[in-house]
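Enquirer: Have a look at the structure that comes next, please.
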Amino acid sequence: MSRAMVPSQQKLAEKLTILNDRGRGMLTRIYNIKKMSIYSPNKKKMLTKTDSKPAFLSDKSLDSVFKYLHKKFPNIDNHAGALQVINNIKQDVVKSLSLYYFTFVDIMDFKDHVVDLLTTIDACQVHMDVTLNYDLTVNYLNLISTYVSLMILMSRVEDRRVVLSLYNVAYEYLNASSDPSFPRLGQMVIDYDIPLRKLSEEFVPHSRVVVPALLSLHKIYPKRNLPADQMRATGMLSLLAEPLKIMNVPNTDMVQCEYLSLDSMEKWIIFSMMLCHTYLQEAQLWDLWKTALQSGYIVQLCRDEVLHIHSYINTFFESLKGHNLHKRITEVKDLQHQALQSSPAIHRERRKFLRSALKELALIFTDQPGLLGPKGLYVFQALAVARDEIHWLLRHFDNPPSKKHTVKLSQEDFVDRQLPELLFNMEELKSLLRKYNQVVQRYFVQYLAGYDAVLLNQLIQEITNDSNLAHCPEDESVILSSLYNTIAGLSVKQVEANEVFDFRGVRLDWFRLQAYTSVSRAGLVLRDHQDLGKHLNMIVFHTKLVDYLDELINETGDLSIYCFYHQIFEHQFKQCMEFPAQHRFSIVFPIICGHFMNATHELCPEERHSIGTTSVQYAHWFLKEMSDEVNQVITAICEEQCMLNYKLLPKHSAASILQSSNKHKKNKDKKKQVGPEEEKPGTESVRKNRENFTRMDKLHMALTELCYAINHCNVIQVWEHGFVPREFFIQHLETRFNKALVGMMMYNPDTSEIAKPSELLSSVKAIMSVLQGLENYVQIDIARVFNSVLPQQTQATDSFNGEKTITANYTNWYLEVLLRRVTVNIGQIVYSPNHKAFVTVATDNNSKENLYLAAEEYADLTELRALAELIGPYGMRYLGERLMGHVASQVDELKKLVIQNKEVLFNMRTSFDKPEVMRDLFRRLGNTKNQVSDVDSVLMRMTIIGILLSFRSLAQDALLDVLEDRIPFLMASVQDLQHFVPNMKDTKYSHMKQQVVNEMASAAGLSCDIDPLLISALRSQKNEDGERKASTSSDTEVANESDYELACLLMVFVAVSIPTLAKKDVSVFKASLEGNLSNCHCLAKAVNQIAGALFTIHGPGDVSDRLQEFLALASSSLLRLGQSQEQEKETFKNRESVYILLDLIVQESPYLTMDLLESCFPYALLRNAYHTVYKASAVDI
């Protein structure tokens, strides 16, 4: 005697929940196996990635084995000779293929449980109605579609026979018996080779439950599958359609059906009716079937695995012999033609409608977030419909129909340039729900306790008082009481206390109650109490809004499908970046990357890392491309601003001044045509019509849109990473700004061309002004960018790519180009103390090279001030160090000359008061075998040193001007410290303190008696020379004496060589320049600085004594010029200019005074010399 089936003991709700989750996991696993196919019998080659496939699968000697296994499956003779080779690799085979094999075993196990559950549901005669027992019906139909998808997907795994057989053979060799699951597994693979044929046989008894479930969709599906015109006409998703009801909860009795996936419903209809095709004669079912097949021609199985559904159905129907389905096949072909012809346009218009509808919702909810309570359902409806449309577009765009169809599809229906706006509005709605989570919670906690609980109590009382119900079963009564008590006890204080809500038990109890009350002969029949069922569906939705909001958002708005359509994803992003109107929505692409992990399942953990890595890489790429695009727009704006700023440079005013002066002159030839006036700066801002967009308008519009995207969200969470769009932008902006600074120098090492520092500074200020304006568009600290980039330009190389900076390039140009031309082309570029600049002098001998280079345009005080402002004290110090390195090399060469003439110089030092002896010694000094005498060489090198030091002095003055303007109070403190160095009791450290103060003062641009950088350069040279001499001599004192003696003799050499300058034409003194054409006036600075540095380093600090000795030697040598004969006087025609040099040396020196000079050299000679040269200069003028 068989017992009656007790519904509560069948655990229908629990089994449906578990099997649906397990079915999704199985789909994920079989999908991954299919994507990593190991052997294809058709292509006869291995398809898996080389890094993941076992080595034995690449062995060509096993090809015959694979062919044998594929042919004989599932009846494999394990003792066949062809399979003996597997015995050698059995352990590798079992280990490598176990995951693959047991996935199929798990699918078989899943199939058994599904068949068992479906049979139980048939036996219980469960009544399915999606509007009544929503959870039961949806889970039931989901299970069927998952089961069908799984079987179809399994039949598409081409290598299943070979791998399953291979594993079983290896297993038998290893364990002396075949795997116990293999016979049933092999039979399952054979049975489901054509899956629909077997499934349709299985579903013959299930149709009694499936058909009513599908019929219940007739109340929902037609309302959801409307064209855009009808959606617009009915006010779908519009809060403003009925403004008087804007505060009311939507009036619907099937609330969860309102956001049910349209894709899911179409899959339920198509798969179920394929299996129960005999019921297509019913009008409602035929209507559902027709509408679903007209909606599209691609149906999703799993992720990007799809079916060309019409062809698949026809193939199945054609395989059913004896069913006389020719009419159905013809109908399906007609429906396919209609789908190809009309569905793309319908969905295109629907996406257009959704863009405006979602934008309206986002704007209203942003302005009035309190409406998220009563109108929250609209958000989920909008998300669900938009998600379905995006899924439809991806499926159909990636899988075009076969070419045999005559219908030509328009690409405009699939290439949606405004899709980013729809995606953005979806994310905007989701972010509003998350942001105002507590608003929603407060509303529905009060709604549940104040309305839902009261109505539920009334409905329970009605059931209790129902005369047709003899007695309410105990299980149902307990569940209803529990549901009422749970929601009646809710309070707003729980929300304010941030209490964590958990209504999963409530939802599961209602699911169980649906199962108990939907079977035949139930004590409480749900169909008889539809108000109760619909109200409990409403309660479940309200509980989800309290504790299940994030999951509900993912359920309706998940876009993880993009992970598997990455080419389309990239294409849509590139299209978005090419379409300026969509720029502001580009941020949605990295946000969507955060959805990718929703596609994973716990039954397939091995794919988590690959999907997570993909999501992070794409998010990084999107943000990088966005940042690059913004930077390109900024660069274009900066170029425009630099051009406008360039027009405002003083040099461009010459044409206007000339034109203005010509207006006052009488024009004798009135018929002469006057050329068009040049466009003046500022005319570009004059507008007659605001509608005429200039290039700058377009650039600023693009910048506004892109910055909106960058500024939209603070952090984007992707997998286990947090991306900050603004940080991406700042990093790329810093790199671009750094490159722009160097690029604007326009430095060409081949032609030695470079921008003037003042023009570069003007361009930099223009760019900085543009960048400062960015703070109006995006929330960034632009000062941080300046503080990061600009200080790096004060160093020799930057920290971004290790490339040369402004400092390095200008230093190289000034030392290797400008100053080299000054020293090589004597008489063409002169240092003028009067002009505070190096000046190009126009002479007949000027080369084209120097005519092209006007030194005063690069090396005057104005340009060097600009340079100092660009590279700052650090850059100027680097310039000084490099310059002093050149000075040190010249000093080294001078020492070599002194050593060659050491004996003669020593005698001259002791015989300076003996004219005849000095004359003979000087002849010996000048007689050398070289083309250039040592005397000329010494003067030339000292002049070079003087030129370098003069440039150094000019640069220091420029730096001082800049710093006094920028940091006047700090500079006052530095100057005070320099003038009043604190005294110390210990004299040992006083010199060290003076040195530190001098270095600080020099770095600030203040002049010192002896340049600390020169001392440092000469000291480092001395240390290098000392290391070289250490191998030959260990006597340090002797070395110091030798260096000191060389320094003294060098001063003698210079002193006795000065009179020879009078012989040279280029030594003439120009009063207008306050300098000699040969730059020999720079000797004054060279003598004082070199003497001070050398005697400070090598001597006991007797700089004053040595310079007095130098003055005595030089003055006696110059006085002998006046005693020369008439012929010699003509030779020394520029002696007055050389006399002035002696005065300049004393004026430049901190150690010599005019009294000392007058004691050695008559002042009358100096006065006459000044009178002569100034008179000659006046004649030249």
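In the structure tokens, the first chain shown is A, the next is B, and so on; residue numbers restart at 1 for each chain, and ligands run from 1 in the order shown.
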Give the helix (DSSP H, G or I) residues of range 838-1076 of chain A, as DSSP finds them on the backbone, and put them as number ranges by chain.
Expert: A: 848-852, 855-857, 861-900, 902-910, 915-926, 934-966, 968-979, 987-1003, 1012-1030, 1036-1063, 1065-1067
Enquirer: What's around Asp1155 in chain A at 12 Å? Count only C-alpha atoms, leave out sequence neighbours fewer than 4 positions away in its own chain, and write the answer as an mmCIF file with all heavy atoms, in the first residue's frame.
Expert:
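Written file, result-v2.cif:
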```
data_model
loop_
_atom_site.group_PDB
_atom_site.id
_atom_site.type_symbol
_atom_site.label_atom_id
_atom_site.label_comp_id
_atom_site.auth_asym_id
_atom_site.auth_seq_id
_atom_site.Cartn_x
_atom_site.Cartn_y
_atom_site.Cartn_z
ATOM 1 N N GLN A 1108 99.059 92.528 -4.872
ATOM 2 C CA GLN A 1108 99.920 93.717 -4.895
ATOM 3 C C GLN A 1108 101.164 93.457 -5.734
ATOM 4 O O GLN A 1108 101.615 94.319 -6.502
ATOM 5 C CB GLN A 1108 100.317 94.103 -3.474
ATOM 6 C CG GLN A 1108 99.167 94.674 -2.664
ATOM 7 C CD GLN A 1108 99.566 95.021 -1.241
ATOM 8 O OE1 GLN A 1108 100.747 95.277 -0.987
ATOM 9 N NE2 GLN A 1108 98.600 95.045 -0.334
ATOM 10 N N LEU A 1111 100.106 93.668 -9.243
ATOM 11 C CA LEU A 1111 99.907 95.056 -9.651
ATOM 12 C C LEU A 1111 101.241 95.734 -9.945
ATOM 13 O O LEU A 1111 101.374 96.494 -10.921
ATOM 14 C CB LEU A 1111 99.148 95.807 -8.553
ATOM 15 C CG LEU A 1111 98.731 97.237 -8.884
ATOM 16 C CD1 LEU A 1111 97.786 97.256 -10.079
ATOM 17 C CD2 LEU A 1111 98.048 97.870 -7.664
ATOM 18 N N ASP A 1143 93.158 99.716 -14.472
ATOM 19 C CA ASP A 1143 92.184 100.357 -13.579
ATOM 20 C C ASP A 1143 91.009 99.426 -13.289
ATOM 21 O O ASP A 1143 90.518 99.368 -12.158
ATOM 22 C CB ASP A 1143 91.710 101.657 -14.219
ATOM 23 C CG ASP A 1143 90.746 102.418 -13.331
ATOM 24 O OD1 ASP A 1143 91.039 102.565 -12.126
ATOM 25 O OD2 ASP A 1143 89.683 102.836 -13.834
ATOM 26 N N VAL A 1146 91.812 96.857 -10.608
ATOM 27 C CA VAL A 1146 91.749 97.400 -9.240
ATOM 28 C C VAL A 1146 90.301 97.619 -8.814
ATOM 29 O O VAL A 1146 89.920 97.323 -7.678
ATOM 30 C CB VAL A 1146 92.555 98.719 -9.164
ATOM 31 C CG1 VAL A 1146 92.401 99.356 -7.781
ATOM 32 C CG2 VAL A 1146 94.025 98.486 -9.480
ATOM 33 N N GLN A 1147 89.484 98.149 -9.730
ATOM 34 C CA GLN A 1147 88.068 98.360 -9.390
ATOM 35 C C GLN A 1147 87.363 97.042 -9.073
ATOM 36 O O GLN A 1147 86.504 96.980 -8.193
ATOM 37 C CB GLN A 1147 87.362 99.060 -10.561
ATOM 38 C CG GLN A 1147 87.773 100.503 -10.774
ATOM 39 C CD GLN A 1147 87.029 101.114 -11.936
ATOM 40 O OE1 GLN A 1147 85.973 100.630 -12.319
ATOM 41 N NE2 GLN A 1147 87.589 102.188 -12.507
ATOM 42 N N TYR A 1151 90.663 93.408 -2.861
ATOM 43 C CA TYR A 1151 91.906 93.429 -2.094
ATOM 44 C C TYR A 1151 92.791 94.622 -2.471
ATOM 45 O O TYR A 1151 93.691 94.983 -1.711
ATOM 46 C CB TYR A 1151 92.708 92.138 -2.323
ATOM 47 C CG TYR A 1151 91.923 90.891 -2.031
ATOM 48 C CD1 TYR A 1151 91.354 90.142 -3.058
ATOM 49 C CD2 TYR A 1151 91.744 90.471 -0.722
ATOM 50 C CE1 TYR A 1151 90.631 88.999 -2.780
ATOM 51 C CE2 TYR A 1151 91.015 89.320 -0.441
ATOM 52 C CZ TYR A 1151 90.460 88.588 -1.464
ATOM 53 O OH TYR A 1151 89.756 87.462 -1.187
ATOM 54 N N SER A 1159 100.229 104.552 -6.442
ATOM 55 C CA SER A 1159 101.630 104.429 -6.014
ATOM 56 C C SER A 1159 102.459 103.676 -7.056
ATOM 57 O O SER A 1159 103.676 103.815 -7.092
ATOM 58 C CB SER A 1159 101.707 103.713 -4.672
ATOM 59 O OG SER A 1159 101.250 102.370 -4.800
ATOM 60 N N CYS A 1160 101.812 102.893 -7.893
ATOM 61 C CA CYS A 1160 102.520 102.104 -8.906
ATOM 62 C C CYS A 1160 102.390 102.693 -10.298
ATOM 63 O O CYS A 1160 103.266 102.497 -11.152
ATOM 64 C CB CYS A 1160 101.985 100.668 -8.944
ATOM 65 S SG CYS A 1160 102.111 99.762 -7.405
ATOM 66 N N PHE A 1161 101.271 103.369 -10.528
ATOM 67 C CA PHE A 1161 100.957 103.807 -11.897
ATOM 68 C C PHE A 1161 100.347 105.210 -11.810
ATOM 69 O O PHE A 1161 99.358 105.425 -11.101
ATOM 70 C CB PHE A 1161 99.948 102.821 -12.513
ATOM 71 C CG PHE A 1161 99.811 102.957 -13.990
ATOM 72 C CD1 PHE A 1161 100.687 102.293 -14.844
ATOM 73 C CD2 PHE A 1161 98.801 103.739 -14.552
ATOM 74 C CE1 PHE A 1161 100.552 102.396 -16.216
ATOM 75 C CE2 PHE A 1161 98.670 103.858 -15.929
ATOM 76 C CZ PHE A 1161 99.550 103.182 -16.764
ATOM 77 N N PRO A 1162 100.932 106.158 -12.509
ATOM 78 C CA PRO A 1162 100.452 107.554 -12.410
ATOM 79 C C PRO A 1162 98.996 107.684 -12.835
ATOM 80 O O PRO A 1162 98.593 107.127 -13.868
ATOM 81 C CB PRO A 1162 101.370 108.316 -13.375
ATOM 82 C CG PRO A 1162 102.560 107.452 -13.544
ATOM 83 C CD PRO A 1162 102.112 106.044 -13.411
ATOM 84 N N TYR A 1163 98.212 108.393 -12.053
ATOM 85 C CA TYR A 1163 96.795 108.563 -12.363
ATOM 86 C C TYR A 1163 96.596 109.406 -13.611
ATOM 87 O O TYR A 1163 95.588 109.282 -14.318
ATOM 88 C CB TYR A 1163 96.084 109.202 -11.167
ATOM 89 C CG TYR A 1163 94.590 109.270 -11.362
ATOM 90 C CD1 TYR A 1163 93.819 108.124 -11.255
ATOM 91 C CD2 TYR A 1163 93.973 110.486 -11.695
ATOM 92 C CE1 TYR A 1163 92.454 108.179 -11.461
ATOM 93 C CE2 TYR A 1163 92.607 110.545 -11.902
ATOM 94 C CZ TYR A 1163 91.842 109.376 -11.779
ATOM 95 O OH TYR A 1163 90.507 109.423 -12.001
#
```
Enquirer: So how many Å separate CA of Leu239 in chain A and CA of Leu536 in chain A, to one decimal?
Expert: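 Computing the Euclidean distance for CA of Leu239 in chain A and CA of Leu536 in chain A yields 25.5 Å.
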Enquirer: Compile the contact shell of Arg197 in chain A as a list in words: residues with an atom at most 9 Å away, counting only C-alpha atoms, same-chain residues fewer than 6 positions apart removed.
Expert: Asp191, Leu275, Phe316, Ser319 and Leu320 of chain A
Enquirer: Please produce a file of the residues just selected, as a PDB file, in the first residue's frame, where the atoms kept are all heavy atoms.
Expert:
```pdb
ATOM      1  N   ASP A 191      23.269   9.648 -25.561  1.00  0.00           N
ATOM      2  CA  ASP A 191      21.853  10.047 -25.577  1.00  0.00           C
ATOM      3  C   ASP A 191      21.684  11.510 -25.937  1.00  0.00           C
ATOM      4  O   ASP A 191      20.706  11.885 -26.611  1.00  0.00           O
ATOM      5  CB  ASP A 191      21.211   9.776 -24.214  1.00  0.00           C
ATOM      6  CG  ASP A 191      21.059   8.284 -23.932  1.00  0.00           C
ATOM      7  OD1 ASP A 191      21.149   7.498 -24.896  1.00  0.00           O
ATOM      8  OD2 ASP A 191      20.858   7.917 -22.752  1.00  0.00           O
ATOM      9  N   LEU A 275      10.420  21.853 -26.391  1.00  0.00           N
ATOM     10  CA  LEU A 275      10.285  20.523 -25.802  1.00  0.00           C
ATOM     11  C   LEU A 275       8.824  20.074 -25.766  1.00  0.00           C
ATOM     12  O   LEU A 275       8.543  18.866 -25.775  1.00  0.00           O
ATOM     13  CB  LEU A 275      10.864  20.538 -24.377  1.00  0.00           C
ATOM     14  CG  LEU A 275      12.332  20.977 -24.280  1.00  0.00           C
ATOM     15  CD1 LEU A 275      12.776  21.019 -22.835  1.00  0.00           C
ATOM     16  CD2 LEU A 275      13.223  20.046 -25.078  1.00  0.00           C
ATOM     17  N   PHE A 316      15.957  20.694 -35.394  1.00  0.00           N
ATOM     18  CA  PHE A 316      15.338  19.745 -34.461  1.00  0.00           C
ATOM     19  C   PHE A 316      14.015  19.222 -35.017  1.00  0.00           C
ATOM     20  O   PHE A 316      13.752  18.007 -34.991  1.00  0.00           O
ATOM     21  CB  PHE A 316      15.132  20.431 -33.109  1.00  0.00           C
ATOM     22  CG  PHE A 316      14.248  19.670 -32.167  1.00  0.00           C
ATOM     23  CD1 PHE A 316      14.555  18.370 -31.770  1.00  0.00           C
ATOM     24  CD2 PHE A 316      13.073  20.238 -31.674  1.00  0.00           C
ATOM     25  CE1 PHE A 316      13.727  17.665 -30.900  1.00  0.00           C
ATOM     26  CE2 PHE A 316      12.247  19.545 -30.814  1.00  0.00           C
ATOM     27  CZ  PHE A 316      12.576  18.249 -30.428  1.00  0.00           C
ATOM     28  N   SER A 319      14.423  16.698 -37.651  1.00  0.00           N
ATOM     29  CA  SER A 319      14.912  15.392 -37.197  1.00  0.00           C
ATOM     30  C   SER A 319      13.800  14.535 -36.592  1.00  0.00           C
ATOM     31  O   SER A 319      14.008  13.332 -36.372  1.00  0.00           O
ATOM     32  CB  SER A 319      16.025  15.597 -36.159  1.00  0.00           C
ATOM     33  OG  SER A 319      15.496  16.160 -34.962  1.00  0.00           O
ATOM     34  N   LEU A 320      12.633  15.146 -36.307  1.00  0.00           N
ATOM     35  CA  LEU A 320      11.510  14.403 -35.714  1.00  0.00           C
ATOM     36  C   LEU A 320      10.662  13.818 -36.841  1.00  0.00           C
ATOM     37  O   LEU A 320       9.807  14.491 -37.418  1.00  0.00           O
ATOM     38  CB  LEU A 320      10.668  15.323 -34.822  1.00  0.00           C
ATOM     39  CG  LEU A 320      11.375  15.906 -33.594  1.00  0.00           C
ATOM     40  CD1 LEU A 320      10.462  16.872 -32.870  1.00  0.00           C
ATOM     41  CD2 LEU A 320      11.826  14.817 -32.647  1.00  0.00           C
TER      42      LEU A 320
END
```
Enquirer: Name all residues at most 6 Å from range 1053-1066 of chain A (count only C-alpha atoms; drop same-chain ones fewer than 3 positions away) and give them as a PyMOL selection string.
Expert: chain A and resi 827+935+1050+1077-1078+1110+1113-1114+1118+1131-1132+1134-1135
Enquirer: Find, counting only C-alpha atoms, the residue in A:Glu427, A:Asp1043, A:Asp798, A:Glu759 that gets nearest to Pro590 in chain A.
Expert: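 Going through A:Glu427, A:Asp1043, A:Asp798, A:Glu759 one by one, the smallest distance to Pro590 in chain A is for A:Glu427.
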Enquirer: Output as a count of residues only all residues of range 142-382 of chain A that backbone DSSP marks as strand (DSSP E or B).
Expert: 9
Enquirer: Could you check how far CA of His79 in chain A sits from CA of Leu97 in chain A, in Å to one decimal?
Expert: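 Those two atoms sit 20.8 Å apart.
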Enquirer: Can you pull out every residue within 9 Å of Leu532 in chain A, counting only C-alpha atoms, but drop anything in the same chain fewer than 2 positions away, and send it as a ChimeraX atom specification?
Expert: /A:132,456,459-460,526,529-530,534-537
Enquirer: Write the residues you've just listed into a file as a JSON list (two decimals), in the first residue's frame, and include N, CA and C atoms for each of them.
Expert:
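This went into out01.json:
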```json
[["chain", "number", "residue", "atom", "x", "y", "z"],
["A", 132, "LEU", "N", 1.38, 34.62, -8.98],
["A", 132, "LEU", "CA", 0.89, 34.19, -7.68],
["A", 132, "LEU", "C", 2.02, 33.58, -6.85],
["A", 456, "LEU", "N", -1.48, 42.08, 6.07],
["A", 456, "LEU", "CA", -1.23, 40.64, 6.18],
["A", 456, "LEU", "C", -2.06, 40.04, 7.32],
["A", 459, "LEU", "N", -5.59, 39.58, 6.14],
["A", 459, "LEU", "CA", -5.72, 38.44, 5.22],
["A", 459, "LEU", "C", -5.64, 37.12, 5.96],
["A", 460, "ILE", "N", -4.79, 37.08, 6.99],
["A", 460, "ILE", "CA", -4.70, 35.85, 7.80],
["A", 460, "ILE", "C", -6.02, 35.62, 8.53],
["A", 526, "LEU", "N", -3.43, 28.08, -2.50],
["A", 526, "LEU", "CA", -3.05, 29.47, -2.76],
["A", 526, "LEU", "C", -3.91, 30.09, -3.85],
["A", 529, "HIS", "N", -6.74, 31.96, -2.56],
["A", 529, "HIS", "CA", -6.42, 33.14, -1.74],
["A", 529, "HIS", "C", -5.35, 33.97, -2.46],
["A", 530, "GLN", "N", -5.72, 34.44, -3.63],
["A", 530, "GLN", "CA", -4.75, 35.15, -4.46],
["A", 530, "GLN", "C", -4.30, 36.47, -3.84],
["A", 534, "LYS", "N", -0.34, 37.52, -3.60],
["A", 534, "LYS", "CA", 0.17, 38.74, -4.21],
["A", 534, "LYS", "C", 0.72, 39.71, -3.16],
["A", 535, "HIS", "N", 0.04, 39.73, -2.00],
["A", 535, "HIS", "CA", 0.54, 40.63, -0.95],
["A", 535, "HIS", "C", 1.85, 40.12, -0.38],
["A", 536, "LEU", "N", 1.99, 38.82, -0.23],
["A", 536, "LEU", "CA", 3.25, 38.28, 0.28],
["A", 536, "LEU", "C", 4.38, 38.49, -0.74],
["A", 537, "ASN", "N", 4.06, 38.43, -2.03],
["A", 537, "ASN", "CA", 5.06, 38.78, -3.04],
["A", 537, "ASN", "C", 5.52, 40.22, -2.87]]
```
Enquirer: With distances taken over only C-alpha atoms, which of A:Leu1156, A:Met701, A:Val519, A:Leu549 is nearest to Lys435 in chain A?
Expert: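 Of the candidates, the smallest distance to Lys435 in chain A is held by A:Leu549.
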